[in-house]
$ cat input31.txt   # compact mmCIF, C-alpha atoms
# COMPACT_ATOMS: atom_id res chain seq x y z
CA MET Z 1007 0.00 0.00 0.00
CA SER Z 1008 2.78 2.33 0.93
CA GLY Z 1009 4.48 1.44 -2.34
CA ALA Z 1010 1.35 2.43 -4.26
CA HIS Z 1011 1.19 5.72 -2.39
CA GLY Z 1012 4.85 6.29 -3.21
CA VAL Z 1013 4.16 5.81 -6.91
CA VAL Z 1014 1.22 8.25 -6.75
CA LEU Z 1015 3.30 10.85 -4.93
CA SER Z 1016 6.14 10.40 -7.37
CA GLU Z 1017 3.80 10.77 -10.35
CA GLY Z 1018 2.22 13.84 -8.75
CA PHE Z 1019 5.61 15.43 -8.22
CA VAL Z 1020 6.62 14.73 -11.82
CA SER Z 1021 3.32 16.20 -12.97
CA LEU Z 1022 3.82 19.38 -10.91
CA ARG Z 1023 7.39 19.72 -12.21
CA SER Z 1024 6.06 19.38 -15.76
CA VAL Z 1025 3.47 22.10 -15.15
CA PHE Z 1026 6.11 24.31 -13.49
CA ASN Z 1027 8.40 23.96 -16.49
CA ARG Z 1028 5.59 24.64 -18.95
CA LEU Z 1029 4.75 28.02 -17.42
CA PRO Z 1030 5.47 30.68 -20.10
CA ASP Z 1031 6.77 33.26 -17.60
CA ALA Z 1032 10.13 33.06 -15.87
CA THR Z 1033 9.28 31.65 -12.44
CA PHE Z 1034 11.53 31.31 -9.39
CA VAL Z 1035 11.17 30.06 -5.83
CA LEU Z 1036 13.33 32.10 -3.41
CA ASP Z 1037 14.09 32.02 0.29
CA GLN Z 1038 13.91 35.14 2.47
CA SER Z 1039 17.43 36.21 1.50
CA GLY Z 1040 16.66 35.99 -2.22
CA ARG Z 1041 18.55 32.74 -2.78
CA VAL Z 1042 17.11 30.63 -5.63
CA LEU Z 1043 15.55 27.38 -4.42
CA ASP Z 1044 14.03 26.43 -7.77
CA LEU Z 1045 13.33 27.84 -11.24
CA ASN Z 1046 11.60 26.75 -14.44
CA ILE Z 1047 12.81 26.46 -18.03
CA ALA Z 1048 11.50 29.93 -18.95
CA ALA Z 1049 13.65 31.36 -16.14
CA GLU Z 1050 16.73 29.55 -17.45
CA LYS Z 1051 16.14 31.06 -20.89
CA ALA Z 1052 15.61 34.54 -19.46
CA LEU Z 1053 18.93 34.34 -17.58
CA SER Z 1054 20.78 32.40 -20.31
CA LEU Z 1055 21.98 30.11 -17.51
CA THR Z 1056 21.30 26.49 -16.63
CA ARG Z 1057 19.31 25.39 -13.60
CA ARG Z 1058 22.44 23.95 -12.02
CA GLN Z 1059 24.27 27.29 -12.40
CA VAL Z 1060 21.44 29.26 -10.76
CA LEU Z 1061 20.33 27.06 -7.87
CA GLY Z 1062 21.57 28.41 -4.53
CA SER Z 1063 22.57 31.76 -6.06
CA THR Z 1064 21.23 35.25 -5.44
CA PRO Z 1065 20.64 37.89 -8.15
CA ARG Z 1066 23.91 39.49 -7.06
CA ASP Z 1067 25.77 36.19 -7.51
CA ILE Z 1068 24.62 35.86 -11.13
CA GLY Z 1069 25.66 39.42 -12.02
CA ALA Z 1070 22.32 41.23 -12.17
CA ALA Z 1071 22.48 44.91 -13.11
CA PRO Z 1072 22.83 47.32 -10.11
CA THR Z 1073 19.55 49.06 -10.97
CA LEU Z 1074 17.77 45.72 -11.07
CA LEU Z 1075 19.39 44.59 -7.83
CA CYS Z 1076 18.33 47.69 -5.91
CA HIS Z 1077 14.74 47.43 -7.13
CA PHE Z 1078 14.61 43.67 -6.54
CA ASP Z 1079 16.08 43.78 -3.02
CA GLU Z 1080 13.68 46.53 -1.94
CA ALA Z 1081 10.65 44.62 -3.24
CA LEU Z 1082 11.82 41.36 -1.62
CA ARG Z 1083 12.30 43.03 1.77
CA GLN Z 1084 8.81 44.53 1.60
CA VAL Z 1085 7.21 41.16 0.78
CA VAL Z 1086 9.09 39.41 3.61
CA ARG Z 1087 8.24 42.21 6.05
CA GLU Z 1088 4.54 42.53 5.19
CA GLY Z 1089 3.74 39.02 4.00
CA LYS Z 1090 1.70 40.41 1.10
CA SER Z 1091 1.99 39.93 -2.64
CA LEU Z 1092 3.56 42.72 -4.65
CA THR Z 1093 3.79 43.65 -8.34
CA THR Z 1094 6.45 45.98 -9.71
CA VAL Z 1095 7.94 46.90 -13.08
CA VAL Z 1096 11.71 46.92 -13.39
CA ALA Z 1097 13.44 48.87 -16.17
CA PHE Z 1098 17.10 48.47 -17.07
CA ASP Z 1099 19.42 48.88 -20.07
CA THR Z 1100 20.89 45.98 -22.00
CA THR Z 1101 22.92 45.59 -25.19
CA ARG Z 1102 19.54 45.24 -26.96
CA GLY Z 1103 18.27 48.50 -25.52
CA ALA Z 1104 15.97 49.33 -22.61
CA ARG Z 1105 13.97 46.39 -21.22
CA HIS Z 1106 10.94 46.35 -18.94
CA TRP Z 1107 10.02 43.37 -16.77
CA GLU Z 1108 6.84 43.02 -14.74
CA VAL Z 1109 7.77 41.10 -11.58
CA ARG Z 1110 5.19 39.61 -9.22
CA PHE Z 1111 6.13 38.42 -5.71
CA TYR Z 1112 3.87 35.87 -3.94
CA PRO Z 1113 4.84 35.01 -0.34
CA ASP Z 1114 4.35 31.46 0.96
CA LEU Z 1115 3.49 31.89 4.64
CA ALA Z 1116 4.85 29.24 7.02
CA THR Z 1117 2.90 30.91 9.85
CA ALA Z 1118 0.83 34.08 10.09
CA ASP Z 1119 3.98 36.07 10.86
CA GLU Z 1120 6.66 34.29 8.87
CA VAL Z 1121 7.36 33.94 5.16
CA ALA Z 1122 8.82 30.54 4.30
CA SER Z 1123 9.56 31.24 0.63
CA ILE Z 1124 8.59 33.58 -2.17
CA LEU Z 1125 7.30 32.66 -5.61
CA VAL Z 1126 8.57 35.22 -8.16
CA VAL Z 1127 7.00 35.42 -11.62
CA ALA Z 1128 8.74 37.69 -14.16
CA ARG Z 1129 7.37 38.66 -17.56
CA ASP Z 1130 9.13 40.68 -20.28
CA VAL Z 1131 6.69 43.50 -21.06
CA THR Z 1132 9.09 45.56 -23.18
CA LEU Z 1133 7.10 45.12 -26.39
CA SER Z 1134 3.74 45.86 -24.78
CA ARG Z 1135 5.18 48.95 -23.06
CA ARG Z 1136 6.55 50.19 -26.37
CA ARG Z 1137 3.18 49.67 -28.01
CA GLN Z 1138 1.45 51.42 -25.13
CA ASP Z 1139 3.85 54.38 -25.38
CA GLU Z 1140 3.27 54.51 -29.14
CA LEU Z 1141 -0.50 54.54 -28.62
CA VAL Z 1142 -0.25 57.32 -26.04
CA GLY Z 1143 2.00 59.31 -28.35
CA ARG Z 1144 -0.35 58.68 -31.27
CA SER Z 1145 -3.35 59.75 -29.19
CA ASN Z 1146 -1.59 62.97 -28.20
CA GLU Z 1147 -0.64 63.63 -31.81
CA LEU Z 1148 -4.22 63.12 -32.99
CA SER Z 1149 -5.45 65.48 -30.28
CA GLN Z 1150 -2.95 68.11 -31.42
CA LEU Z 1151 -3.90 67.59 -35.05
CA GLY Z 1152 -7.55 68.08 -34.10
CA ASP Z 1153 -6.62 71.39 -32.49
CA SER Z 1154 -4.62 72.30 -35.59
CA LEU Z 1155 -7.51 71.50 -37.93
CA CYS Z 1156 -10.07 73.42 -35.89
CA HIS Z 1157 -7.76 76.40 -35.47
CA ASP Z 1158 -6.41 76.67 -39.00
CA LEU Z 1159 -9.77 76.27 -40.74
CA ARG Z 1160 -10.89 79.46 -39.03
CA SER Z 1161 -8.79 81.57 -41.43
CA PRO Z 1162 -10.22 80.39 -44.79
CA LEU Z 1163 -13.71 80.35 -43.27
CA ALA Z 1164 -13.22 83.95 -42.16
CA THR Z 1165 -12.11 84.82 -45.70
CA ILE Z 1166 -15.22 83.19 -47.16
CA ARG Z 1167 -17.47 85.01 -44.70
CA THR Z 1168 -15.80 88.37 -45.39
CA PHE Z 1169 -15.99 88.08 -49.16
CA LEU Z 1170 -19.56 86.81 -49.09
CA GLY Z 1171 -20.35 90.14 -47.43
CA PHE Z 1172 -18.45 91.98 -50.18
CA LEU Z 1173 -20.25 89.88 -52.79
CA ALA Z 1174 -23.67 90.81 -51.41
CA THR Z 1175 -22.73 94.51 -51.64
CA ASP Z 1176 -21.28 94.20 -55.15
CA LEU Z 1177 -24.36 92.32 -56.37
CA LYS Z 1178 -26.50 95.28 -55.33
CA THR Z 1179 -24.32 97.69 -57.30
CA ARG Z 1180 -23.96 95.19 -60.18
CA ASP Z 1181 -20.20 95.68 -60.25
CA GLU Z 1182 -19.38 92.68 -62.46
CA THR Z 1183 -15.62 93.07 -62.21
CA GLN Z 1184 -15.71 93.13 -58.43
CA ILE Z 1185 -18.28 90.33 -58.33
CA ALA Z 1186 -15.94 88.11 -60.36
CA SER Z 1187 -13.06 89.03 -58.02
CA ASP Z 1188 -15.13 88.20 -54.92
CA VAL Z 1189 -16.19 84.84 -56.33
CA ASP Z 1190 -12.61 84.02 -57.35
CA THR Z 1191 -11.36 84.83 -53.83
CA ILE Z 1192 -14.05 82.62 -52.29
CA HIS Z 1193 -13.16 79.76 -54.65
CA ASN Z 1194 -9.48 80.13 -53.72
CA ALA Z 1195 -10.32 80.05 -50.00
CA VAL Z 1196 -12.34 76.86 -50.50
CA ASP Z 1197 -9.47 75.30 -52.47
CA ARG Z 1198 -6.98 76.27 -49.77
CA MET Z 1199 -9.27 74.88 -47.08
CA THR Z 1200 -9.52 71.59 -48.99
CA ASP Z 1201 -5.73 71.46 -49.32
CA LEU Z 1202 -5.36 72.17 -45.61
CA ILE Z 1203 -7.75 69.38 -44.65
CA THR Z 1204 -5.97 66.97 -47.00
CA ALA Z 1205 -2.55 67.88 -45.57
CA ILE Z 1206 -3.68 67.43 -41.98
CA VAL Z 1207 -5.40 64.11 -42.74
CA LYS Z 1208 -2.16 62.87 -44.30
CA ARG Z 1209 -0.33 63.77 -41.11
CA THR Z 1210 -2.67 61.52 -39.12
CA ARG Z 1211 -1.32 58.50 -40.95
CA LEU Z 1212 1.94 56.74 -40.20
CA SER Z 1213 4.46 57.69 -42.87
CA VAL Z 1214 8.17 57.47 -43.54
CA PRO Z 1215 9.87 60.54 -42.03
CA GLY Z 1216 10.87 62.99 -44.72
CA ALA Z 1217 8.85 61.21 -47.42
CA SER Z 1218 6.61 64.22 -48.05
CA THR Z 1219 9.27 66.92 -47.90
CA THR Z 1220 9.86 69.24 -50.83
CA GLU Z 1221 11.80 72.38 -51.70
CA THR Z 1222 9.99 75.65 -52.15
CA THR Z 1223 10.71 79.34 -51.83
CA LEU Z 1224 9.94 81.30 -48.72
CA ARG Z 1225 7.90 83.79 -50.77
CA GLU Z 1226 5.66 81.02 -52.15
CA VAL Z 1227 5.01 79.60 -48.69
CA ILE Z 1228 4.18 83.02 -47.25
CA GLY Z 1229 2.04 83.81 -50.30
CA ASP Z 1230 -0.06 80.71 -49.63
CA ALA Z 1231 -0.31 81.69 -45.97
CA VAL Z 1232 -1.51 85.20 -46.84
CA THR Z 1233 -4.17 83.71 -49.10
CA LEU Z 1234 -5.43 81.50 -46.28
CA VAL Z 1235 -5.80 84.48 -43.95
CA GLY Z 1236 -7.10 86.72 -46.71
CA GLY Z 1237 -10.31 87.48 -44.80
CA CYS Z 1238 -8.66 89.11 -41.78
CA VAL Z 1239 -5.93 90.72 -43.93
CA THR Z 1240 -8.52 92.33 -46.20
CA ALA Z 1241 -10.89 93.31 -43.38
CA ARG Z 1242 -8.08 95.21 -41.60
CA ALA Z 1243 -6.38 96.38 -44.83
CA ALA Z 1244 -3.20 94.81 -43.45
CA LEU Z 1245 0.08 95.27 -45.31
CA VAL Z 1246 2.34 92.22 -45.45
CA GLU Z 1247 5.91 92.90 -46.66
CA ILE Z 1248 7.98 89.88 -47.68
CA THR Z 1249 11.70 89.78 -48.34
CA ASP Z 1250 12.71 89.68 -52.01
CA GLU Z 1251 15.77 87.55 -51.31
CA PRO Z 1252 15.70 84.06 -52.90
CA TRP Z 1253 15.45 81.96 -49.75
CA VAL Z 1254 14.66 78.28 -50.24
CA ILE Z 1255 13.23 76.05 -47.51
CA ARG Z 1256 12.78 72.29 -47.40
CA GLY Z 1257 10.00 70.55 -45.53
CA GLU Z 1258 6.36 69.57 -45.59
CA ARG Z 1259 4.86 72.42 -47.57
CA GLY Z 1260 1.46 72.24 -45.86
CA THR Z 1261 2.92 72.55 -42.38
CA LEU Z 1262 5.33 75.28 -43.45
CA VAL Z 1263 2.33 77.26 -44.71
CA GLU Z 1264 0.60 76.62 -41.36
CA ILE Z 1265 3.51 78.21 -39.51
CA PHE Z 1266 3.26 81.51 -41.36
CA GLN Z 1267 -0.53 81.41 -41.53
CA ASN Z 1268 -0.64 81.43 -37.75
CA LEU Z 1269 2.08 84.07 -37.38
CA ILE Z 1270 0.49 86.48 -39.87
CA GLU Z 1271 -3.00 85.96 -38.42
CA ASN Z 1272 -1.67 86.63 -34.92
CA ALA Z 1273 0.10 89.79 -36.06
CA VAL Z 1274 -3.11 91.12 -37.63
CA LYS Z 1275 -5.31 90.02 -34.73
CA PHE Z 1276 -3.11 91.72 -32.13
CA SER Z 1277 -2.58 94.95 -34.02
CA LYS Z 1278 -3.45 98.26 -32.39
CA VAL Z 1279 -7.06 99.35 -32.67
CA GLY Z 1280 -7.52 102.06 -35.31
CA GLU Z 1281 -4.13 101.46 -36.96
CA ARG Z 1282 -3.44 99.67 -40.21
CA PRO Z 1283 -1.57 96.44 -39.41
CA ARG Z 1284 1.87 96.22 -40.98
CA ILE Z 1285 3.79 92.95 -40.90
CA ARG Z 1286 7.35 92.72 -42.20
CA ILE Z 1287 8.89 89.31 -42.89
CA SER Z 1288 12.64 89.28 -43.40
CA VAL Z 1289 15.63 86.96 -43.06
CA GLU Z 1290 18.85 87.73 -41.24
CA GLU Z 1291 21.99 85.61 -41.01
CA TRP Z 1292 23.19 85.28 -37.42
CA GLY Z 1293 26.40 83.32 -37.02
CA GLY Z 1294 25.97 81.81 -40.47
CA SER Z 1295 22.46 80.55 -39.68
CA PRO Z 1296 19.47 82.18 -41.43
CA THR Z 1297 16.80 83.42 -39.02
CA ILE Z 1298 13.33 84.45 -40.20
CA SER Z 1299 11.79 87.45 -38.45
CA VAL Z 1300 8.08 88.30 -38.47
CA CYS Z 1301 7.77 91.84 -37.10
CA ASP Z 1302 4.65 93.84 -36.29
CA LYS Z 1303 3.82 97.17 -34.65
CA GLY Z 1304 0.99 95.72 -32.60
CA ILE Z 1305 0.08 95.64 -28.93
CA GLY Z 1306 3.31 93.86 -27.91
CA VAL Z 1307 3.92 91.51 -25.01
CA ASP Z 1308 4.99 92.14 -21.44
CA PRO Z 1309 8.58 90.77 -21.29
CA GLY Z 1310 7.67 89.02 -18.04
CA GLN Z 1311 4.94 87.05 -19.84
CA ILE Z 1312 6.84 86.06 -22.99
CA HIS Z 1313 7.59 82.58 -21.59
CA ARG Z 1314 3.83 81.83 -21.61
CA VAL Z 1315 3.04 82.64 -25.24
CA PHE Z 1316 3.83 79.17 -26.61
CA GLU Z 1317 1.77 77.34 -24.00
CA ARG Z 1318 -1.27 75.54 -25.31
CA PHE Z 1319 -4.58 77.42 -24.84
CA GLU Z 1320 -2.72 80.38 -23.32
CA ARG Z 1321 -4.17 83.76 -24.32
CA LEU Z 1322 -2.39 86.85 -23.07
CA GLY Z 1323 -4.72 89.20 -24.94
CA VAL Z 1324 -7.93 88.16 -23.21
CA ASP Z 1325 -9.93 90.89 -24.91
CA ARG Z 1326 -9.11 89.51 -28.37
CA GLU Z 1327 -10.74 86.62 -30.20
CA GLY Z 1328 -8.93 83.31 -30.55
CA THR Z 1329 -8.42 79.91 -28.97
CA GLY Z 1330 -4.86 80.32 -27.73
CA VAL Z 1331 -3.49 77.36 -29.71
CA GLY Z 1332 -1.90 79.21 -32.64
CA LEU Z 1333 1.58 79.79 -31.24
CA SER Z 1334 1.73 76.38 -29.58
CA LEU Z 1335 1.08 74.90 -33.06
CA VAL Z 1336 3.82 77.10 -34.51
CA LYS Z 1337 6.31 75.86 -31.93
CA ARG Z 1338 5.50 72.22 -32.60
CA LEU Z 1339 5.66 72.60 -36.38
CA VAL Z 1340 8.93 74.57 -36.29
CA GLU Z 1341 10.53 71.91 -34.08
CA ARG Z 1342 9.21 69.26 -36.45
CA HIS Z 1343 11.30 70.96 -39.14
CA GLY Z 1344 14.44 70.91 -37.00
CA GLY Z 1345 14.22 74.56 -35.96
CA LYS Z 1346 13.39 76.71 -32.98
CA VAL Z 1347 11.17 79.72 -32.41
CA TRP Z 1348 11.18 82.56 -29.88
CA ILE Z 1349 9.55 85.95 -29.32
CA GLU Z 1350 11.01 89.38 -28.62
CA SER Z 1351 9.06 92.43 -27.51
CA PRO Z 1352 10.20 95.67 -25.86
CA GLY Z 1353 6.94 95.71 -23.93
CA VAL Z 1354 3.20 96.35 -24.12
CA GLY Z 1355 2.32 98.68 -26.98
CA CYS Z 1356 5.75 98.36 -28.62
CA GLY Z 1357 5.15 95.60 -31.16
CA THR Z 1358 6.37 92.01 -31.36
CA THR Z 1359 9.00 90.12 -33.35
CA VAL Z 1360 8.76 86.36 -33.77
CA ARG Z 1361 12.04 84.78 -34.82
CA LEU Z 1362 12.44 81.23 -36.09
CA THR Z 1363 14.97 78.95 -37.72
CA LEU Z 1364 14.30 76.02 -40.04
CA ALA Z 1365 16.72 73.23 -40.89
CA GLY Z 1366 17.92 73.08 -44.49
CA MET Z 1367 17.21 76.72 -45.34
CA SER Z 1368 19.49 78.32 -47.95
CA LYS Z 1369 19.73 81.34 -50.21
CA ARG Z 1370 19.61 80.28 -53.85
CA THR Z 1371 17.31 80.11 -56.85
CA ILE Z 1372 15.26 77.02 -57.61
CA THR Z 1373 15.64 76.13 -61.27
CA ALA Z 1374 12.68 75.10 -63.41
CA ALA Z 1375 13.87 71.48 -63.28
CA GLY Z 1376 14.07 71.63 -59.45
$ encode --input "input31.txt" --output "structure tokens"
Amino acid sequence: MSGAHGVVLSEGFVSLRSVFNRLPDATFVLDQSGRVLDLNIAAEKALSLTRRQVLGSTPRDIGAAPTLLCHFDEALRQVVREGKSLTTVVAFDTTRGARHWEVRFYPDLATADEVASILVVARDVTLSRRRQDELVGRSNELSQLGDSLCHDLRSPLATIRTFLGFLATDLKTRDETQIASDVDTIHNAVDRMTDLITAIVKRTRLSVPGASTTETTLREVIGDAVTLVGGCVTARAALVEITDEPWVIRGERGTLVEIFQNLIENAVKFSKVGERPRIRISVEEWGGSPTISVCDKGIGVDPGQIHRVFERFERLGVDREGTGVGLSLVKRLVERHGGKVWIESPGVGCGTTVRLTLAGMSKRTITAAG
């Protein structure tokens, strides 16, 4: 009878060992000091060591990374002290890059106050963490693109609204030349709005970096931007002066246009009441690097508040219309093109100059073939 029981126990032990070794996660049994009492095949593979090499060792004995050791020892002490299970994520660098492991500690209580051993289950969650980070980043990007779409469509819509008003007046006077001009401007605004939507939708899709870049002149980009904000420019009779120098910029044309659309619209919006807005766009070479300047004679900015102007939804001119996302979009788009942007203003009432750099900008003429 005892022999039969022995066979059953032996078979049960073999069965448990088989289950233990079939567990997909690296699993260890440790004593209170962290010494390995047992481990499964997945644990051997994770350590690239054999069971014989690991048994009786501690993480320090097998050369675990210092960051991992510190995290592991702290978690082990807490489990032994409190007698409660614990889950933690350990991050450390390897030759294959940063790795993240989710480690679960399960205490085996000999008595109510004493931990006999600890079952440790470790799972490599590097890939899932990367995917999670990508999803969070993608979600943030889509949110920002939504802001960009809502904000930038305001300009062509304002142009359409303004020229519909002009059209209604010109229809009454039967001024055919002006009627044709009004209709043409409205058509252009609709076309620009369609292009803007298309460009932003393309940016919501995963693409190869740099695949949609092109070379264009600074004047062409600013010309497109002025067309997009034609409503507010015309309504305020704003004067936009653009450098005649043959500056060439490389990048995503749609987003380059967005940069100057926002800067010109801001300059007009924050002009002084009763004065004709005047915006001057020039390029200066500082230390061999071309810097674009967008200068206005508007209401200016308190030097103590300049650091806030690029914050999302921040509006320093609370008595003016707007959502407060324009300059935050400019900053993001400029950085996307390898540049930087900053603002200078002597103070309230003294105008503002926005300066920005863009990677790959040069002074030359684009040939017909280019």
$ residues_around --input "input31.txt" --residues "range 1130-1138 of chain Z" --least-positions-apart "5" --cutoff "7 Å" --atoms "all atoms listed in the file" --output "ChimeraX atom specification"
/Z:1105-1108
$ atom_distance --input "input31.txt" --atom1 "CA of Lys1369 in chain Z" --atom2 "CA of Val1235 in chain Z"
26.5 Å
$ atom_distance --input "input31.txt" --atom1 "CA of Gly1089 in chain Z" --atom2 "CA of Ile1047 in chain Z"
26.9 Å
$ closest_residue --input "input31.txt" --among "Z:His1193, Z:Leu1061, Z:Ala1128, Z:Lys1051" --to "Asp1031 in chain Z" --atoms "only C-alpha atoms"
Z:Ala1128
$ closest_residue --input "input31.txt" --among "Z:Thr1168, Z:Pro1252, Z:Leu1173, Z:Phe1266" --to "Thr1240 in chain Z" --atoms "only C-alpha atoms"
Z:Thr1168
$ residues_around --input "input31.txt" --residues "Leu1234 in chain Z" --least-positions-apart "3" --cutoff "12 Å" --atoms "all atoms listed in the file" --output "ChimeraX atom specification"
/Z:1158-1166,1191-1202,1227-1231,1237-1240,1260,1263-1271
$ residues_around --input "input31.txt" --residues "range 1335-1347 of chain Z" --least-positions-apart "6" --cutoff "9 Å" --atoms "all atoms listed in the file" --output "VMD selection string"
chain Z and resid 1150 1153 to 1154 1256 to 1258 1261 to 1262 1264 to 1266 1268 to 1269 1316 1318 1360 to 1366
$ atom_distance --input "input31.txt" --atom1 "CA of Ser1351 in chain Z" --atom2 "CA of Arg1314 in chain Z"
13.2 Å
$ residues_around --input "input31.txt" --residues "Val1254 in chain Z" --least-positions-apart "5" --cutoff "8 Å" --atoms "only C-alpha atoms" --output "PyMOL selection string"
chain Z and resi 1221-1224+1367-1372
$ closest_residue --input "input31.txt" --among "Z:Leu1082, Z:Leu1043, Z:Phe1098, Z:Ala1241" --to "Ala1070 in chain Z" --atoms "only C-alpha atoms"
Z:Phe1098
$ closest_residue --input "input31.txt" --among "Z:Leu1036, Z:Val1274, Z:Ala1071, Z:Ile1203" --to "Val1085 in chain Z" --atoms "all atoms listed in the file"
Z:Leu1036
$ decode --input "input31.txt" --residues "range 1268-1293 of chain Z" --atoms "C-alpha atoms" --output "tab-separated table (two decimals), in the first residue's frame"
chain	number	residue	atom	x	y	z
Z	1268	ASN	CA	-0.64	81.43	-37.75
Z	1269	LEU	CA	2.08	84.07	-37.38
Z	1270	ILE	CA	0.49	86.48	-39.87
Z	1271	GLU	CA	-3.00	85.96	-38.42
Z	1272	ASN	CA	-1.67	86.63	-34.92
Z	1273	ALA	CA	0.10	89.79	-36.06
Z	1274	VAL	CA	-3.11	91.12	-37.63
Z	1275	LYS	CA	-5.31	90.02	-34.73
Z	1276	PHE	CA	-3.11	91.72	-32.13
Z	1277	SER	CA	-2.58	94.95	-34.02
Z	1278	LYS	CA	-3.45	98.26	-32.39
Z	1279	VAL	CA	-7.06	99.35	-32.67
Z	1280	GLY	CA	-7.52	102.06	-35.31
Z	1281	GLU	CA	-4.13	101.46	-36.96
Z	1282	ARG	CA	-3.44	99.67	-40.21
Z	1283	PRO	CA	-1.57	96.44	-39.41
Z	1284	ARG	CA	1.87	96.22	-40.98
Z	1285	ILE	CA	3.79	92.95	-40.90
Z	1286	ARG	CA	7.35	92.72	-42.20
Z	1287	ILE	CA	8.89	89.31	-42.89
Z	1288	SER	CA	12.64	89.28	-43.40
Z	1289	VAL	CA	15.63	86.96	-43.06
Z	1290	GLU	CA	18.85	87.73	-41.24
Z	1291	GLU	CA	21.99	85.61	-41.01
Z	1292	TRP	CA	23.19	85.28	-37.42
Z	1293	GLY	CA	26.40	83.32	-37.02
